[in-house]
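What follows is the content of final36.txt (compact mmCIF, C-alpha atoms).
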# COMPACT_ATOMS: atom_id res chain seq x y z
CA MET A 1 31.36 -11.00 -23.41
CA SER A 2 31.07 -7.22 -23.52
CA ASN A 3 31.11 -5.35 -20.23
CA LYS A 4 29.34 -2.41 -21.73
CA SER A 5 25.87 -1.54 -20.50
CA PRO A 6 23.13 -1.91 -23.12
CA LYS A 7 21.93 1.30 -24.75
CA LYS A 8 19.12 2.88 -22.84
CA ALA A 9 16.44 5.27 -24.01
CA GLY A 10 16.48 8.72 -22.45
CA LYS A 11 19.21 10.75 -20.91
CA VAL A 12 22.31 9.01 -19.60
CA SER A 13 24.98 11.06 -17.97
CA LYS A 14 28.60 10.05 -17.83
CA GLY A 15 30.60 10.27 -14.67
CA ALA A 16 29.83 9.55 -11.09
CA THR A 17 26.21 10.75 -11.09
CA ASP A 18 23.67 8.62 -12.94
CA THR A 19 20.89 10.88 -14.19
CA ILE A 20 17.70 9.08 -15.06
CA ASP A 21 15.28 10.66 -17.50
CA TYR A 22 12.02 9.17 -16.26
CA SER A 23 9.96 11.22 -18.68
CA LYS A 24 10.89 8.85 -21.51
CA ASP A 25 10.03 5.70 -19.60
CA PRO A 26 7.51 3.61 -21.59
CA PHE A 27 5.31 3.00 -18.55
CA PHE A 28 4.95 6.70 -17.83
CA VAL A 29 4.53 7.55 -21.52
CA LYS A 30 1.72 5.00 -21.82
CA LYS A 31 -0.05 6.22 -18.68
CA ASN A 32 0.23 9.85 -19.72
CA LYS A 33 -1.25 9.06 -23.12
CA LYS A 34 -4.18 7.25 -21.53
CA ALA A 35 -4.81 10.09 -19.11
CA ALA A 36 -4.84 12.61 -21.96
CA GLU A 37 -7.32 10.44 -23.89
CA THR A 38 -9.65 10.10 -20.91
CA ILE A 39 -9.69 13.82 -20.28
CA ARG A 40 -10.20 14.54 -23.97
CA LYS A 41 -13.15 12.15 -23.93
CA TYR A 42 -14.84 13.24 -20.69
CA GLY A 43 -13.54 16.75 -20.18
CA ILE A 44 -12.91 18.48 -16.87
CA PRO A 45 -15.81 19.26 -14.52
CA ASP A 46 -16.72 22.93 -14.22
CA SER A 47 -16.23 22.74 -10.49
CA LEU A 48 -12.48 22.33 -11.05
CA LEU A 49 -12.07 24.25 -14.27
CA LYS A 50 -11.51 27.96 -14.67
CA GLY A 51 -9.93 28.29 -18.14
CA LYS A 52 -10.96 26.93 -21.51
CA GLN A 53 -9.74 23.97 -23.56
CA THR A 54 -7.26 25.22 -26.15
CA ASN A 55 -8.11 22.57 -28.81
CA MET B 1 -2.07 15.34 6.69
CA ASP B 2 -0.12 13.43 9.29
CA PHE B 3 0.32 9.85 8.08
CA GLU B 4 3.42 7.74 8.32
CA SER B 5 5.24 7.97 5.02
CA TYR B 6 8.67 7.42 3.54
CA PRO B 7 11.07 10.33 3.01
CA VAL B 8 10.85 11.65 -0.51
CA THR B 9 13.46 13.14 -2.82
CA LYS B 10 12.22 15.68 -5.31
CA VAL B 11 14.02 15.65 -8.63
CA PRO B 12 14.39 19.37 -9.22
CA GLU B 13 14.39 19.69 -12.97
CA ASN B 14 11.25 17.68 -13.56
CA TYR B 15 8.10 16.85 -11.72
CA PHE B 16 9.37 13.64 -10.20
CA TYR B 17 9.66 12.35 -6.68
CA GLU B 18 11.65 9.32 -5.60
CA PHE B 19 11.44 7.28 -2.43
CA PHE B 20 12.42 3.88 -1.13
CA SER B 21 9.94 1.54 0.49
CA GLN B 22 10.95 -1.26 2.82
CA GLY B 23 9.33 -4.65 2.75
CA PRO B 24 9.91 -8.41 2.69
CA LYS B 25 11.79 -8.14 -0.60
CA GLY B 26 14.05 -5.39 0.63
CA LEU B 27 14.28 -1.78 -0.49
CA ILE B 28 12.32 -0.86 -3.58
CA LYS B 29 12.82 2.48 -5.29
CA LYS B 30 9.57 4.10 -6.29
CA VAL B 31 9.09 7.01 -8.64
CA VAL B 32 6.10 9.37 -8.67
CA GLN B 33 5.61 11.46 -11.77
CA TYR B 34 3.45 14.53 -12.46
CA HIS B 35 3.10 15.04 -16.19
CA ARG B 36 1.41 18.14 -17.61
CA ILE B 37 -1.39 17.35 -20.04
CA GLU B 38 -0.83 20.04 -22.61
CA GLN B 39 -4.14 20.63 -24.34
CA TRP B 40 -5.69 22.70 -21.56
CA ASP B 41 -5.19 26.22 -20.29
CA GLU B 42 -5.62 24.80 -16.83
CA MET B 43 -2.63 23.10 -15.26
CA ILE B 44 -3.72 19.50 -15.48
CA PHE B 45 -1.26 16.84 -14.47
CA ASN B 46 -1.35 13.08 -14.65
CA LEU B 47 -0.04 11.35 -11.53
CA ALA B 48 1.69 8.06 -12.23
CA PHE B 49 3.94 5.98 -10.05
CA GLY B 50 5.74 2.71 -10.21
CA ASP B 51 8.69 0.63 -9.07
CA TRP B 52 12.11 1.31 -10.54
CA ASN B 53 13.68 -1.87 -11.90
CA ALA B 54 17.42 -1.34 -11.50
CA ARG B 55 18.19 -4.24 -13.81
CA THR B 56 16.14 -3.09 -16.79
CA ARG B 57 16.39 0.59 -15.84
CA ARG B 58 12.70 0.99 -16.45
CA ILE B 59 9.62 1.58 -14.39
CA ASP B 60 8.21 -1.86 -13.87
CA ASP B 61 4.51 -2.18 -13.24
CA LYS B 62 4.75 -5.95 -12.93
CA ILE B 63 7.07 -6.16 -9.93
CA LYS B 64 5.28 -8.06 -7.22
CA SER B 65 7.24 -6.63 -4.39
CA ASN B 66 4.47 -6.85 -1.79
CA ASN B 67 5.66 -3.39 -0.82
CA SER B 68 3.94 -1.71 -3.64
CA TYR B 69 0.64 -0.60 -2.26
CA THR B 70 0.95 -0.65 1.48
CA GLU B 71 -0.65 2.16 3.41
CA LYS B 72 2.72 3.73 3.95
CA VAL B 73 3.48 3.72 0.23
CA LEU B 74 0.12 5.26 -0.58
CA ALA B 75 0.58 7.80 2.20
CA THR B 76 3.92 8.73 0.67
CA VAL B 77 2.35 9.23 -2.73
CA ALA B 78 -0.34 11.34 -1.05
CA ALA B 79 2.42 13.38 0.58
CA THR B 80 3.86 14.13 -2.86
CA VAL B 81 0.42 15.32 -3.94
CA ILE B 82 0.45 17.82 -1.10
CA GLN B 83 4.03 18.87 -1.84
CA PHE B 84 3.33 19.23 -5.55
CA THR B 85 0.14 21.21 -5.03
CA ASP B 86 1.91 23.39 -2.45
CA ASP B 87 4.19 24.37 -5.35
CA HIS B 88 1.38 24.45 -7.90
CA PRO B 89 -1.81 25.42 -6.05
CA GLU B 90 -3.85 25.73 -9.25
CA ALA B 91 -2.92 22.25 -10.47
CA ILE B 92 -5.60 19.66 -11.18
CA ILE B 93 -4.30 16.14 -10.68
CA TYR B 94 -5.62 13.17 -12.67
CA ILE B 95 -5.29 9.83 -10.88
CA GLU B 96 -5.99 6.37 -12.25
CA GLY B 97 -4.45 3.03 -11.36
CA SER B 98 -2.78 0.98 -14.06
CA THR B 99 -5.47 -1.61 -13.39
CA PRO B 100 -9.05 -1.29 -12.05
CA ALA B 101 -7.94 -3.17 -8.94
CA ARG B 102 -5.31 -0.54 -8.24
CA THR B 103 -7.78 2.27 -8.81
CA ARG B 104 -9.99 0.57 -6.22
CA LEU B 105 -7.05 0.42 -3.86
CA TYR B 106 -6.51 4.16 -4.22
CA GLN B 107 -10.19 4.69 -3.61
CA MET B 108 -10.06 2.58 -0.46
CA GLY B 109 -7.25 4.80 0.77
CA ILE B 110 -9.27 7.92 0.00
CA ASN B 111 -12.37 6.45 1.64
CA LYS B 112 -10.49 5.55 4.77
CA HIS B 113 -9.14 9.02 5.33
CA TRP B 114 -11.88 11.01 3.65
CA ASN B 115 -12.70 13.10 6.72
CA ILE B 116 -9.17 14.47 6.68
CA ILE B 117 -8.58 14.54 2.93
CA ASN B 118 -11.81 16.41 2.34
CA GLN B 119 -10.49 19.35 4.34
CA LYS B 120 -7.58 19.90 1.99
CA VAL B 121 -8.68 18.82 -1.47
CA ARG B 122 -11.69 18.62 -3.71
CA ILE B 123 -12.03 15.34 -5.59
CA GLU B 124 -14.24 14.46 -8.53
CA GLY B 125 -14.69 10.83 -9.58
CA LEU B 126 -15.61 9.49 -13.00
CA VAL B 127 -18.50 7.04 -13.03
CA ASN B 128 -20.57 5.99 -16.06
CA GLY B 129 -18.91 8.66 -18.19
CA GLU B 130 -19.77 11.52 -15.85
CA TRP B 131 -17.75 13.41 -13.27
CA GLU B 132 -19.30 13.77 -9.86
CA GLU B 133 -18.19 15.09 -6.51
CA PHE B 134 -16.45 12.24 -4.69
CA ARG B 135 -18.41 10.39 -2.10
CA THR B 136 -17.58 7.23 -0.23
CA GLY B 137 -19.34 4.04 -1.23
CA ARG B 138 -19.21 4.71 -4.98
CA GLN B 139 -16.83 2.95 -7.34
CA TYR B 140 -14.98 5.36 -9.62
CA GLU B 141 -12.89 4.73 -12.71
CA CYS B 142 -10.48 7.58 -12.07
CA PHE B 143 -10.23 10.83 -10.12
CA LEU B 144 -9.48 14.51 -10.49
CA LEU B 145 -8.15 16.34 -7.49
CA LYS B 146 -7.55 20.00 -6.68
CA ARG B 147 -6.47 21.77 -3.52
CA GLN B 148 -9.21 23.72 -1.78

Encoded form (structure tokens):
Amino acid sequence: MSNKSPKKAGKVSKGATDTIDYSKDPFFVKKNKKAAETIRKYGIPDSLLKGKQTN
Amino acid sequence: MDFESYPVTKVPENYFYEFFSQGPKGLIKKVVQYHRIEQWDEMIFNLAFGDWNARTRRIDDKIKSNNSYTEKVLATVAATVIQFTDDHPEAIIYIEGSTPARTRLYQMGINKHWNIINQKVRIEGLVNGEWEEFRTGRQYECFLLKRQ
């Protein structure tokens, strides 16, 4: 049986420090996509917004 | 805001915060993420958080740790909101639970401490497709938050 760790998505650093690239995590990716869709659908209330939507 | 919370580590290169919560199943590492939603001139960020599964090396929304949504955990997440908006005072934070039940849990936390929260932030809640200024007693689908 191999002792090697399975390949992981995202950044993996070698050496003593294990750097985790959370930005590629599927859970976060999915939530971020849903948030973007909700805001695209319903917009941002004027009370919070100062700038304009770029697209 | 002065609630009991866990100590938080801020990951410097990205908008992430890590902390460990203690409960019946031991220490659970939790990760809070602020992700910029790019289509807007305004700095709009999605807040997401979950448990780090050390075995799968993924955020695991399904872990039933019984630690996940205690007051102290939610207070810690709230503390990261304050820290993050201290660094980014113009940021608008989008908040929604991964399930309606969790969104209700967040709302219960906001309701409970509304008198204090209201002094620091402005919150809008989405209900029936419309944003409205947050008020207790309403059931919202998600929230937008900005520092006052």

Taking all atoms listed in the file into account, name the residue in B:Glu42, B:Glu133, B:Asp87, B:Asp51 that is nearest to chain A.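 Distance minimum relative to chain A lands on B:Glu42.
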
Neighbour list for Glu141 (chain B) as a PDB file with C-alpha atoms, in the coordinates of the input, cut-off 8 Å, only C-alpha atoms, skip fewer than 3 positions in-chain:
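The result, stored in out_3.pdb:
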ATOM      1  CA  GLU B  96      -5.990   6.370 -12.250  1.00  0.00           C
ATOM      2  CA  PRO B 100      -9.050  -1.290 -12.050  1.00  0.00           C
ATOM      3  CA  THR B 103      -7.780   2.270  -8.810  1.00  0.00           C
ATOM      4  CA  GLY B 125     -14.690  10.830  -9.580  1.00  0.00           C
ATOM      5  CA  LEU B 126     -15.610   9.490 -13.000  1.00  0.00           C
ATOM      6  CA  VAL B 127     -18.500   7.040 -13.030  1.00  0.00           C
TER       7      VAL B 127
END

Worksheet entry | Residue among A:Pro26, A:Asp21, A:Thr38, A:Asp46 lying closest to Glu132 (chain B), counting only C-alpha atoms |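 Looking only at the distances to Glu132 (chain B), the closest residue turns out to be A:Asp46.
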
Sorted by chain and rising residue number, list the residues of chain B at most 6 Å from chain A (counting all atoms listed in the file), each with its closest atom pair and distance in Å to one decimal, as JSON lines.
{"residue": "B:Gln39", "atom": "CA", "partner": "A:Thr54", "partner_atom": "CA", "distance": 5.8}
{"residue": "B:Trp40", "atom": "CA", "partner": "A:Gln53", "partner_atom": "CA", "distance": 4.7}
{"residue": "B:Asp41", "atom": "CA", "partner": "A:Gly51", "partner_atom": "CA", "distance": 5.6}
{"residue": "B:Glu42", "atom": "CA", "partner": "A:Gly51", "partner_atom": "CA", "distance": 5.7}

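Closest approach to Asn53 (chain B) from the set B:Glu124, B:Asn118, B:Ile28, B:His35 is made by B:Ile28, with distances taken over all atoms listed in the file.
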
**Asked** Pick the closest to Leu105 (chain B) from B:Ile37, B:Ala54, B:Glu71, B:Gln148: which is it, counting only C-alpha atoms?
**Response**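 Between B:Ile37, B:Ala54, B:Glu71, B:Gln148, the residue approaching Leu105 (chain B) most closely is B:Glu71.
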
* **Point-to-point distance in Å for CA of Tyr106 (chain B) and CA of Gly26 (chain B)** =>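 Atom-to-atom, CA of Gly26 (chain B) and CA of Tyr106 (chain B) are spaced 23.2 Å apart.
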
* **Surrounding residues of region 76-85 of chain B excluding itself and chain neighbours under 3 positions, 6 Å, all atoms listed in the file, as a list in words** =>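 Listing them by chain and then by number gives Ser5, Tyr6, Val73, His88 and Pro89 of chain B.
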
* Asked: Which value, in Å to one decimal, gives the distance between CA of Ile110 (chain B) and CA of Thr136 (chain B)?
  ->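 Value for the CA of Ile110 (chain B)-CA of Thr136 (chain B) distance: 8.3 Å.
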